[in-house]
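Heads up, start_26.cif below (mmCIF, C-alpha atoms and all ligand atoms):
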```cif
data_work
loop_
_atom_site.label_atom_id
_atom_site.label_comp_id
_atom_site.auth_asym_id
_atom_site.auth_seq_id
_atom_site.Cartn_x
_atom_site.Cartn_y
_atom_site.Cartn_z
CA MET A 5 100.26 115.46 81.44
CA SER A 6 102.83 117.53 83.32
CA LYS A 7 103.10 116.95 87.05
CA PRO A 8 101.76 119.62 89.41
CA THR A 9 104.18 121.50 91.61
CA VAL A 10 103.94 120.24 95.18
CA ALA A 11 104.96 122.02 98.38
CA ILE A 12 106.06 120.09 101.43
CA LEU A 13 106.00 122.03 104.71
CA GLY A 14 108.15 120.30 107.33
CA LEU A 15 111.22 118.22 106.58
CA GLY A 16 111.44 116.19 109.76
CA ILE A 17 111.77 112.41 109.84
CA MET A 18 108.61 111.93 107.77
CA GLY A 19 108.55 115.04 105.58
CA SER A 20 112.12 114.59 104.36
CA GLY A 21 111.41 111.01 103.23
CA MET A 22 108.25 112.17 101.47
CA ALA A 23 110.06 115.04 99.75
CA ASN A 24 112.75 112.69 98.45
CA ARG A 25 110.08 110.33 97.13
CA LEU A 26 108.40 113.12 95.18
CA LEU A 27 111.73 114.27 93.77
CA SER A 28 112.57 110.76 92.61
CA ALA A 29 109.19 110.64 90.83
CA ASP A 30 110.07 113.94 89.09
CA PHE A 31 107.49 116.16 90.78
CA PRO A 32 108.50 119.82 90.78
CA LEU A 33 108.91 120.47 94.50
CA ALA A 34 109.05 123.49 96.81
CA VAL A 35 110.02 122.89 100.42
CA TYR A 36 109.82 124.88 103.62
CA ASN A 37 111.32 123.95 106.96
CA ARG A 38 111.60 126.21 110.00
CA ASN A 39 115.23 125.20 110.40
CA ARG A 40 116.48 125.88 106.88
CA GLU A 41 119.49 123.56 107.20
CA LYS A 42 117.21 120.54 106.77
CA CYS A 43 116.27 121.77 103.27
CA VAL A 44 119.82 121.52 101.94
CA PRO A 45 119.83 117.78 101.03
CA VAL A 46 116.55 118.01 99.06
CA ALA A 47 117.64 121.26 97.43
CA SER A 48 120.71 119.51 96.06
CA ALA A 49 118.32 116.91 94.61
CA GLY A 50 116.35 119.66 92.82
CA ALA A 51 113.83 121.13 95.29
CA PHE A 52 113.23 124.87 95.56
CA ILE A 53 113.84 126.17 99.11
CA ALA A 54 111.10 128.62 100.08
CA ASP A 55 111.74 131.31 102.68
CA SER A 56 108.26 130.90 104.12
CA PRO A 57 105.31 128.51 103.97
CA ARG A 58 103.52 131.27 102.05
CA GLU A 59 106.18 131.27 99.32
CA ALA A 60 106.15 127.46 99.08
CA ALA A 61 102.35 127.31 98.77
CA SER A 62 102.19 130.21 96.30
CA ARG A 63 104.21 128.18 93.77
CA SER A 64 102.20 124.96 94.18
CA ARG A 65 98.95 123.27 93.15
CA ILE A 66 99.21 120.87 96.08
CA THR A 67 100.58 121.83 99.50
CA LEU A 68 101.18 119.13 102.10
CA SER A 69 102.11 119.82 105.70
CA MET A 70 104.00 117.26 107.80
CA VAL A 71 104.90 118.99 111.04
CA ALA A 72 104.98 118.15 114.72
CA ASP A 73 101.70 119.12 116.38
CA ASP A 74 98.77 121.57 116.41
CA ALA A 75 101.02 124.50 117.33
CA ALA A 76 103.44 123.75 114.49
CA SER A 77 100.57 123.33 112.06
CA ARG A 78 99.13 126.71 113.08
CA ASP A 79 102.56 128.24 112.56
CA VAL A 80 102.96 126.92 109.00
CA TRP A 81 99.39 127.59 107.78
CA LEU A 82 98.42 130.87 109.51
CA GLY A 83 99.73 134.42 109.70
CA GLU A 84 101.26 136.80 107.20
CA GLU A 85 103.88 134.27 106.06
CA GLY A 86 101.63 131.25 106.47
CA ALA A 87 100.79 128.89 103.61
CA LEU A 88 97.11 129.89 103.55
CA ASN A 89 98.14 133.41 102.66
CA GLY A 90 99.95 132.23 99.54
CA ALA A 91 97.88 129.25 98.39
CA PRO A 92 96.29 129.87 94.98
CA ALA A 93 92.49 129.54 94.87
CA GLY A 94 91.58 126.04 93.73
CA SER A 95 94.79 124.46 95.02
CA VAL A 96 94.61 121.39 97.26
CA LEU A 97 95.82 121.76 100.84
CA ILE A 98 96.68 118.57 102.71
CA GLU A 99 97.40 118.27 106.42
CA SER A 100 99.21 114.96 106.98
CA SER A 101 100.51 115.60 110.50
CA THR A 102 98.73 113.81 113.37
CA LEU A 103 96.62 116.58 114.89
CA SER A 104 93.58 117.20 117.04
CA GLY A 105 90.09 117.13 115.51
CA GLY A 106 89.30 120.66 116.70
CA TRP A 107 92.25 122.21 114.91
CA ILE A 108 91.59 120.20 111.73
CA GLN A 109 88.02 121.59 111.54
CA GLU A 110 89.28 125.13 112.12
CA LEU A 111 91.95 124.78 109.45
CA ALA A 112 89.53 123.23 106.95
CA ALA A 113 87.16 126.21 107.38
CA LYS A 114 90.02 128.63 106.73
CA ALA A 115 91.05 126.70 103.61
CA VAL A 116 87.50 126.94 102.26
CA GLU A 117 87.43 130.71 102.97
CA ARG A 118 90.57 130.94 100.86
CA GLY A 119 88.85 129.11 97.98
CA CYS A 120 91.04 126.00 98.36
CA GLN A 121 90.20 122.32 98.70
CA PHE A 122 91.23 120.65 101.96
CA LEU A 123 92.05 117.11 103.03
CA ASP A 124 93.15 115.79 106.39
CA ALA A 125 95.36 112.86 105.42
CA PRO A 126 97.50 111.58 108.27
CA VAL A 127 99.50 108.45 107.66
CA THR A 128 100.33 105.09 109.13
CA GLY A 129 103.85 103.80 108.60
CA THR A 130 107.07 105.27 109.88
CA LYS A 131 110.46 106.53 108.68
CA PRO A 132 111.30 103.68 106.23
CA HIS A 133 107.75 103.70 104.83
CA ALA A 134 107.95 107.46 104.19
CA ALA A 135 111.25 106.99 102.39
CA SER A 136 110.04 104.08 100.24
CA GLY A 137 106.52 105.30 99.39
CA GLU A 138 104.74 102.71 101.52
CA LEU A 139 102.66 104.93 103.76
CA VAL A 140 98.92 104.44 104.15
CA PHE A 141 96.91 107.69 103.91
CA LEU A 142 93.83 107.98 106.11
CA VAL A 143 91.80 110.61 104.32
CA GLY A 144 88.96 112.93 105.30
CA GLY A 145 87.49 115.36 102.77
CA SER A 146 85.69 115.45 99.45
CA ALA A 147 86.13 112.83 96.74
CA GLU A 148 86.98 115.64 94.34
CA ALA A 149 89.87 116.90 96.47
CA LEU A 150 91.07 113.34 96.94
CA ASP A 151 91.08 112.75 93.18
CA ALA A 152 93.23 115.85 92.72
CA ALA A 153 95.67 114.62 95.37
CA ARG A 154 95.85 111.01 94.19
CA PRO A 155 98.92 111.42 91.94
CA VAL A 156 100.86 112.58 95.02
CA PHE A 157 99.43 109.95 97.36
CA SER A 158 100.22 107.20 94.88
CA VAL A 159 103.92 108.14 94.94
CA LEU A 160 104.03 108.48 98.72
CA GLY A 161 101.85 105.60 99.76
CA ARG A 162 100.86 102.01 99.11
CA ASP A 163 97.21 102.68 99.98
CA VAL A 164 94.71 105.49 100.42
CA VAL A 165 91.64 104.95 102.59
CA HIS A 166 88.87 107.52 102.20
CA LEU A 167 87.12 107.52 105.58
CA GLY A 168 84.55 110.28 105.07
CA PRO A 169 84.25 114.06 105.47
CA VAL A 170 86.98 116.37 106.80
CA GLY A 171 88.16 115.18 110.22
CA SER A 172 87.57 111.48 109.55
CA GLY A 173 91.21 110.78 108.66
CA SER A 174 92.50 112.53 111.76
CA LEU A 175 90.03 110.76 114.02
CA MET A 176 91.06 107.38 112.60
CA LYS A 177 94.73 108.23 113.06
CA LEU A 178 94.21 109.16 116.72
CA VAL A 179 92.31 105.92 117.31
CA ASN A 180 95.13 103.99 115.61
CA ASN A 181 97.88 105.66 117.62
CA PHE A 182 96.06 105.45 120.92
CA VAL A 183 95.90 101.66 120.49
CA CYS A 184 99.60 101.63 119.52
CA GLY A 185 100.56 103.77 122.52
CA VAL A 186 98.64 101.58 124.94
CA GLN A 187 100.23 98.41 123.55
CA ALA A 188 103.73 99.90 123.73
CA ALA A 189 103.17 101.01 127.33
CA SER A 190 101.73 97.67 128.40
CA PHE A 191 104.62 95.79 126.79
CA ALA A 192 107.08 98.05 128.63
CA GLU A 193 105.34 97.12 131.89
CA ALA A 194 105.39 93.45 130.92
CA VAL A 195 109.17 93.54 130.47
CA SER A 196 109.55 95.20 133.88
CA MET A 197 107.47 92.42 135.44
CA VAL A 198 109.52 89.75 133.66
CA ASP A 199 112.78 91.30 134.90
CA ALA A 200 111.52 91.86 138.46
CA GLY A 201 110.34 88.25 138.61
CA GLY A 202 113.71 86.90 137.49
CA LEU A 203 112.46 85.29 134.29
CA ASP A 204 114.76 84.87 131.32
CA ARG A 205 113.95 88.03 129.35
CA ALA A 206 114.69 86.64 125.88
CA LYS A 207 112.49 83.59 126.46
CA ALA A 208 109.68 85.65 127.95
CA VAL A 209 109.76 88.19 125.11
CA SER A 210 109.71 85.45 122.50
CA ILE A 211 106.61 83.93 124.16
CA LEU A 212 104.90 87.33 124.08
CA THR A 213 105.91 88.31 120.54
CA GLY A 214 105.21 84.82 119.14
CA GLY A 215 101.85 84.53 120.88
CA ALA A 216 98.57 86.39 121.05
CA PRO A 217 100.06 89.68 122.39
CA GLY A 218 102.58 89.80 119.52
CA SER A 219 101.15 92.68 117.47
CA GLY A 220 103.24 94.64 114.99
CA ILE A 221 103.78 97.40 117.52
CA VAL A 222 104.75 95.01 120.32
CA LYS A 223 107.25 93.34 117.97
CA ARG A 224 108.72 96.73 117.04
CA VAL A 225 109.19 97.69 120.69
CA ALA A 226 110.65 94.25 121.50
CA GLU A 227 113.20 94.60 118.67
CA ARG A 228 114.28 98.05 119.89
CA ILE A 229 114.69 96.83 123.48
CA ALA A 230 116.71 93.79 122.34
CA ALA A 231 118.97 95.96 120.18
CA ASN A 232 119.16 98.68 122.88
CA ASP A 233 118.65 101.14 119.99
CA PHE A 234 116.28 104.02 120.62
CA THR A 235 117.23 106.20 117.65
CA PRO A 236 113.89 107.77 116.75
CA ASN A 237 111.78 106.59 113.85
CA PHE A 238 108.84 108.04 115.76
CA ALA A 239 109.74 110.30 118.66
CA LEU A 240 108.37 109.41 122.07
CA ARG A 241 107.10 112.98 122.60
CA TRP A 242 104.87 112.64 119.51
CA MET A 243 103.34 109.43 120.82
CA ALA A 244 102.51 111.32 124.04
CA LYS A 245 101.01 114.11 121.91
CA ASP A 246 98.84 111.60 120.02
CA LEU A 247 97.57 110.04 123.27
CA ALA A 248 96.76 113.50 124.63
CA TYR A 249 94.87 114.47 121.44
CA ALA A 250 93.01 111.13 121.45
CA LEU A 251 91.97 111.68 125.07
CA ARG A 252 90.78 115.21 124.31
CA ASP A 253 88.87 114.26 121.15
CA ALA A 254 87.28 111.27 122.89
CA SER A 255 86.19 113.38 125.85
CA ILE A 256 84.54 115.90 123.48
CA LYS A 257 82.55 112.90 122.20
CA GLY A 258 81.68 111.85 125.76
CA ILE A 259 84.05 108.86 125.77
CA SER A 260 86.61 108.16 128.49
CA LEU A 261 89.79 106.42 127.26
CA GLN A 262 91.10 105.01 130.52
CA THR A 263 93.86 102.91 128.98
CA ALA A 264 95.06 105.90 126.94
CA ALA A 265 95.21 108.00 130.13
CA ALA A 266 97.36 105.36 131.86
CA ALA A 267 99.64 105.06 128.83
CA LEU A 268 99.96 108.84 128.56
CA ALA A 269 101.12 109.01 132.20
CA MET A 270 103.89 106.54 131.35
CA PHE A 271 104.98 108.48 128.25
CA GLU A 272 104.95 111.74 130.24
CA GLN A 273 107.14 110.16 132.89
CA ALA A 274 109.55 109.02 130.16
CA ILE A 275 109.66 112.59 128.80
CA ALA A 276 110.33 113.93 132.32
CA GLU A 277 113.21 111.44 132.58
CA GLY A 278 114.73 112.82 129.36
CA HIS A 279 113.56 110.29 126.75
CA GLY A 280 111.24 112.56 124.73
CA ASP A 281 113.47 112.77 121.66
CA GLU A 282 114.18 109.04 121.59
CA ASP A 283 112.07 106.46 119.78
CA PHE A 284 108.67 105.89 121.44
CA SER A 285 109.90 102.41 122.41
CA ALA A 286 112.09 104.16 125.02
CA VAL A 287 108.96 104.19 127.19
CA SER A 288 110.47 100.86 128.28
CA LYS A 289 113.41 102.77 129.83
CA SER A 290 111.44 104.83 132.31
CA SER A 291 111.23 103.66 135.89
CA LYS A 292 108.25 101.56 136.84
CA ARG A 293 109.37 100.83 140.42
CA LEU A 294 106.86 101.64 143.13
CA PRO A 295 108.23 104.55 145.19
CA HIS A 296 108.07 102.63 148.51
CA LEU A 297 110.02 99.59 147.28
P1 LIG B 1 109.94 115.36 113.45
O1 LIG B 1 111.01 114.60 112.80
O2 LIG B 1 110.10 115.73 114.88
O3 LIG B 1 109.71 116.70 112.58
C1 LIG B 1 108.84 117.70 113.05
C2 LIG B 1 108.74 118.77 111.99
O4 LIG B 1 107.87 119.81 112.49
C3 LIG B 1 110.07 119.46 111.66
O5 LIG B 1 110.09 119.80 110.30
C4 LIG B 1 110.00 120.71 112.54
O6 LIG B 1 110.79 121.79 112.06
C5 LIG B 1 108.55 121.06 112.37
N1 LIG B 1 108.09 121.97 113.42
C6 LIG B 1 107.99 121.74 114.75
N2 LIG B 1 107.52 122.83 115.38
C7 LIG B 1 107.32 123.78 114.42
C8 LIG B 1 106.83 125.10 114.45
N3 LIG B 1 106.42 125.68 115.58
N4 LIG B 1 106.76 125.78 113.28
C9 LIG B 1 107.14 125.21 112.12
N5 LIG B 1 107.61 123.94 112.02
C10 LIG B 1 107.69 123.24 113.17
O7 LIG B 1 108.53 114.61 113.35
P2 LIG B 1 108.05 113.48 112.32
O8 LIG B 1 108.37 112.17 112.90
O9 LIG B 1 108.48 113.82 110.95
O10 LIG B 1 106.46 113.64 112.48
C11 LIG B 1 105.75 114.66 111.78
C12 LIG B 1 104.26 114.42 112.00
O11 LIG B 1 103.90 113.14 111.48
C13 LIG B 1 103.83 114.40 113.48
O12 LIG B 1 102.54 114.93 113.60
C14 LIG B 1 103.82 112.90 113.81
O13 LIG B 1 102.96 112.60 114.89
C15 LIG B 1 103.32 112.33 112.50
N6 LIG B 1 103.72 110.95 112.21
C16 LIG B 1 104.99 110.52 112.46
C17 LIG B 1 105.34 109.21 112.17
C18 LIG B 1 106.72 108.67 112.44
O14 LIG B 1 106.85 107.43 112.48
N7 LIG B 1 107.76 109.49 112.60
C19 LIG B 1 104.40 108.35 111.60
C20 LIG B 1 103.13 108.81 111.32
C21 LIG B 1 102.80 110.14 111.64
P3 LIG B 1 112.31 121.98 112.61
O15 LIG B 1 113.15 121.03 111.81
O16 LIG B 1 112.60 123.40 112.31
O17 LIG B 1 112.30 121.66 114.08
#
```

Would you give me this structure, written as structure tokens?
Amino acid sequence: MSKPTVAILGLGIMGSGMANRLLSADFPLAVYNRNREKCVPVASAGAFIADSPREAASRSRITLSMVADDAASRDVWLGEEGALNGAPAGSVLIESSTLSGGWIQELAAKAVERGCQFLDAPVTGTKPHAASGELVFLVGGSAEALDAARPVFSVLGRDVVHLGPVGSGSLMKLVNNFVCGVQAASFAEAVSMVDAGGLDRAKAVSILTGGAPGSGIVKRVAERIAANDFTPNFALRWMAKDLAYALRDASIKGISLQTAAAALAMFEQAIAEGHGDEDFSAVSKSSKRLPHL
């Protein structure tokens, strides 16, 4: 059976890796990125560069968006030149960015009005996983839409978890990232305490990473601090965005995420100090000194 044409909207860190994966698996591909320059490498590997999300979606049976935040998602899906305006009836529309539950529900309703199938399918994994097809898709939506999207997910990911109706994937992703954000922030504070107390940092970090606190995320932050390399795999400003969306979605459900609020304050301080475009592990670089000391 011939492969369906796929559109990828957003060729940032994640979207560009995903587009390259689809090209290497011989999917016909249309791409759209707000800054057109980022399309050039995938175009030389065979992708069609669309002038608008609408044009990309109009050529495709499956359209996947991988953009920054709710505002970016609105910009690529809505409006005269938005993907919804070009998507053929019956095509499958996938939102893989990490977004708020409210916007996902609104977008899903608009996709249904258009006669399309919709999945929210954010991912775990980061830059290298996007490039090597080892993402994990957290999916909300119908089993039928998921079946139609599976050939694409199986090239981009190592696993697909169907969590329930539309919104379930996004909710799971916000829960996942809120726990990651809190752990990263608490590890950053731990390193400050180690340094302020005059402990040997390498020894202290190896106790933490080799012991009970040594989660995958803590190990990743520890490696970045040791290497003093904050080149973004996942930008700090997007971790702050995920914490803010988690807090908002939890509060709509009557839940208070106190640890997420504390972590968000630390990420916001790091953004104010100019670290927003660095890797999220740069939360360790922001000042944690009490003002009166
Ligand atoms: P990124 O490298 O910063 O790329 C962001 C993308 O969004 C770019 O293509 C950018 O276009 C586009 N964009 C931003 N504002 C826009 C607007 N108003 N209109 C149209 N396009 C807009 O981010 P990323 O790391 O690929 O992350 C993409 C999404 O995946 C985010 O929701 C993030 O939270 C999520 N995510 C990231 C990771 C990770 O490890 N990086 C892992 C899992 C999930 P321009 O190039 O024109 O700026």

Open item on the list: Residues near Pro217 of chain A, anyone? I mean within 12 Å using only C-alpha atoms, not counting same-chain ones fewer than 3 positions away, as a PyMOL selection string.
Closed with: chain A and resi 187-188+190-191+194+208-214+220-223+226

Excluding Gly119 of chain A and any residue of its chain fewer than 4 positions from it, enumerate the residues within 9 Å of it, using only C-alpha atoms, and give them as a tab-separated table (two decimals) with C-alpha atoms, keeping the file's coordinate frame.
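The result, written out as around09.tsv:
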```tsv
chain	number	residue	atom	x	y	z
A	92	PRO	CA	96.29	129.87	94.98
A	93	ALA	CA	92.49	129.54	94.87
A	94	GLY	CA	91.58	126.04	93.73
A	95	SER	CA	94.79	124.46	95.02
A	114	LYS	CA	90.02	128.63	106.73
A	115	ALA	CA	91.05	126.70	103.61
```

Open item on the list: Report, in Å with one decimal, the straight-line distance from atom CA of Val143 of chain A to atom CA of Leu167 of chain A.
Closed with: 5.7 Å

Task: All residues having an atom within 7 Å of ligand LIG 1 (chain B) (all atoms listed in the file) as JSON, numbers by chain - done: {"A": [14, 15, 16, 17, 18, 19, 37, 38, 39, 42, 70, 71, 72, 73, 75, 76, 77, 79, 80, 100, 101, 102, 103, 126, 127, 128, 129, 130, 131, 237, 238, 239, 242, 243, 246]}

Mind writing the picked residues with C-alpha atoms as a PDB file, in the coordinates of the input?
```
ATOM      1  CA  GLY A  14     108.150 120.300 107.330  1.00  0.00           C
ATOM      2  CA  LEU A  15     111.220 118.220 106.580  1.00  0.00           C
ATOM      3  CA  GLY A  16     111.440 116.190 109.760  1.00  0.00           C
ATOM      4  CA  ILE A  17     111.770 112.410 109.840  1.00  0.00           C
ATOM      5  CA  MET A  18     108.610 111.930 107.770  1.00  0.00           C
ATOM      6  CA  GLY A  19     108.550 115.040 105.580  1.00  0.00           C
ATOM      7  CA  ASN A  37     111.320 123.950 106.960  1.00  0.00           C
ATOM      8  CA  ARG A  38     111.600 126.210 110.000  1.00  0.00           C
ATOM      9  CA  ASN A  39     115.230 125.200 110.400  1.00  0.00           C
ATOM     10  CA  LYS A  42     117.210 120.540 106.770  1.00  0.00           C
ATOM     11  CA  MET A  70     104.000 117.260 107.800  1.00  0.00           C
ATOM     12  CA  VAL A  71     104.900 118.990 111.040  1.00  0.00           C
ATOM     13  CA  ALA A  72     104.980 118.150 114.720  1.00  0.00           C
ATOM     14  CA  ASP A  73     101.700 119.120 116.380  1.00  0.00           C
ATOM     15  CA  ALA A  75     101.020 124.500 117.330  1.00  0.00           C
ATOM     16  CA  ALA A  76     103.440 123.750 114.490  1.00  0.00           C
ATOM     17  CA  SER A  77     100.570 123.330 112.060  1.00  0.00           C
ATOM     18  CA  ASP A  79     102.560 128.240 112.560  1.00  0.00           C
ATOM     19  CA  VAL A  80     102.960 126.920 109.000  1.00  0.00           C
ATOM     20  CA  SER A 100      99.210 114.960 106.980  1.00  0.00           C
ATOM     21  CA  SER A 101     100.510 115.600 110.500  1.00  0.00           C
ATOM     22  CA  THR A 102      98.730 113.810 113.370  1.00  0.00           C
ATOM     23  CA  LEU A 103      96.620 116.580 114.890  1.00  0.00           C
ATOM     24  CA  PRO A 126      97.500 111.580 108.270  1.00  0.00           C
ATOM     25  CA  VAL A 127      99.500 108.450 107.660  1.00  0.00           C
ATOM     26  CA  THR A 128     100.330 105.090 109.130  1.00  0.00           C
ATOM     27  CA  GLY A 129     103.850 103.800 108.600  1.00  0.00           C
ATOM     28  CA  THR A 130     107.070 105.270 109.880  1.00  0.00           C
ATOM     29  CA  LYS A 131     110.460 106.530 108.680  1.00  0.00           C
ATOM     30  CA  ASN A 237     111.780 106.590 113.850  1.00  0.00           C
ATOM     31  CA  PHE A 238     108.840 108.040 115.760  1.00  0.00           C
ATOM     32  CA  ALA A 239     109.740 110.300 118.660  1.00  0.00           C
ATOM     33  CA  TRP A 242     104.870 112.640 119.510  1.00  0.00           C
ATOM     34  CA  MET A 243     103.340 109.430 120.820  1.00  0.00           C
ATOM     35  CA  ASP A 246      98.840 111.600 120.020  1.00  0.00           C
TER      36      ASP A 246
END
```

Open item on the list: Give me, as a ChimeraX atom specification, all polymer residues having an atom no more than 8 Å from Ala125 of chain A, counting only C-alpha atoms and skipping those fewer than 4 positions away in the same chain.
Closed with: /A:98-101,141-144,173-174

Task: Which residue of A:Ile66, A:Leu240, A:Ala135, A:Ala266 approaches Leu123 of chain A most closely, using only C-alpha atoms - done: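 Between A:Ile66, A:Leu240, A:Ala135, A:Ala266, the residue approaching Leu123 of chain A most closely is A:Ile66.
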
Would you place a box with edges along x, y and z of the file around all atoms of segment 271-284 of chain A listed there, add 4 Å to each of its six sides, and report the centre and edge lengths in Å to one decimal, as JSON?
```
{"center_x": 109.8, "center_y": 109.9, "center_z": 126.3, "size_x": 17.8, "size_y": 16.0, "size_z": 21.1}
```

Open item on the list: Rounded to one decimal, what separation in Å do you get between atom CA of Tyr249 of chain A and atom CA of Phe122 of chain A?
Closed with: 20.8 Å

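Restricting the calculation to all atoms listed in the file, the smallest distance between Arg224 of chain A and any of A:Leu203, A:Ile259, A:Ala152, A:Ala286 is found for A:Ala286.
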
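In this model, the gap between atom CA of Pro169 of chain A and atom CA of Ser56 of chain A comes to 29.4 Å.
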
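The nearest approach to Ile229 of chain A among the residues A:Lys289, A:Lys245, A:His296, A:His133, with only C-alpha atoms taken into account, belongs to A:Lys289.
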
Open item on the list: Counting all atoms listed in the file, which residue out of A:Val170, A:Val96, A:Ala265, A:Ala47 sits closest to Ala113 of chain A?
Closed with: A:Val170

Open item on the list: Which residues are near Arg162 of chain A? Cut-off 8 Å, all atoms listed in the file, ignore same chain within fewer than 5 positions. Put them as a list of chain:residue names.
Closed with: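 The filter keeps A:Gly137, A:Glu138, A:Leu139, A:Val140.
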
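Using only C-alpha atoms, the nearest neighbour of Ser172 of chain A within the list A:Lys257, A:Lys7, A:Ser158, A:Ile108 is A:Ile108.
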
Open item on the list: With only C-alpha atoms as the counted atoms, please give the residues lying no more than 10 Å from Ala244 of chain A, apart from itself and same-chain residues fewer than 2 positions off, as a count of residues only.
Closed with: 23

TODO: Find, counting only C-alpha atoms, the residue in A:Leu150, A:Ala254, A:Val195, A:Val116 that gets nearest to Leu175 of chain A.
DONE: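 Residue with the minimum atom-to-atom distance to Leu175 of chain A: A:Ala254.
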
Open item on the list: Using all atoms listed in the file, list the residues that have an atom at most 12 Å from (99.9, 134.1, 107.0), coordinates as in the file, as JSON, numbers by chain.
Closed with: {"A": [56, 57, 58, 59, 61, 62, 77, 78, 79, 80, 81, 82, 83, 84, 85, 86, 87, 88, 89, 90, 91, 114, 118]}
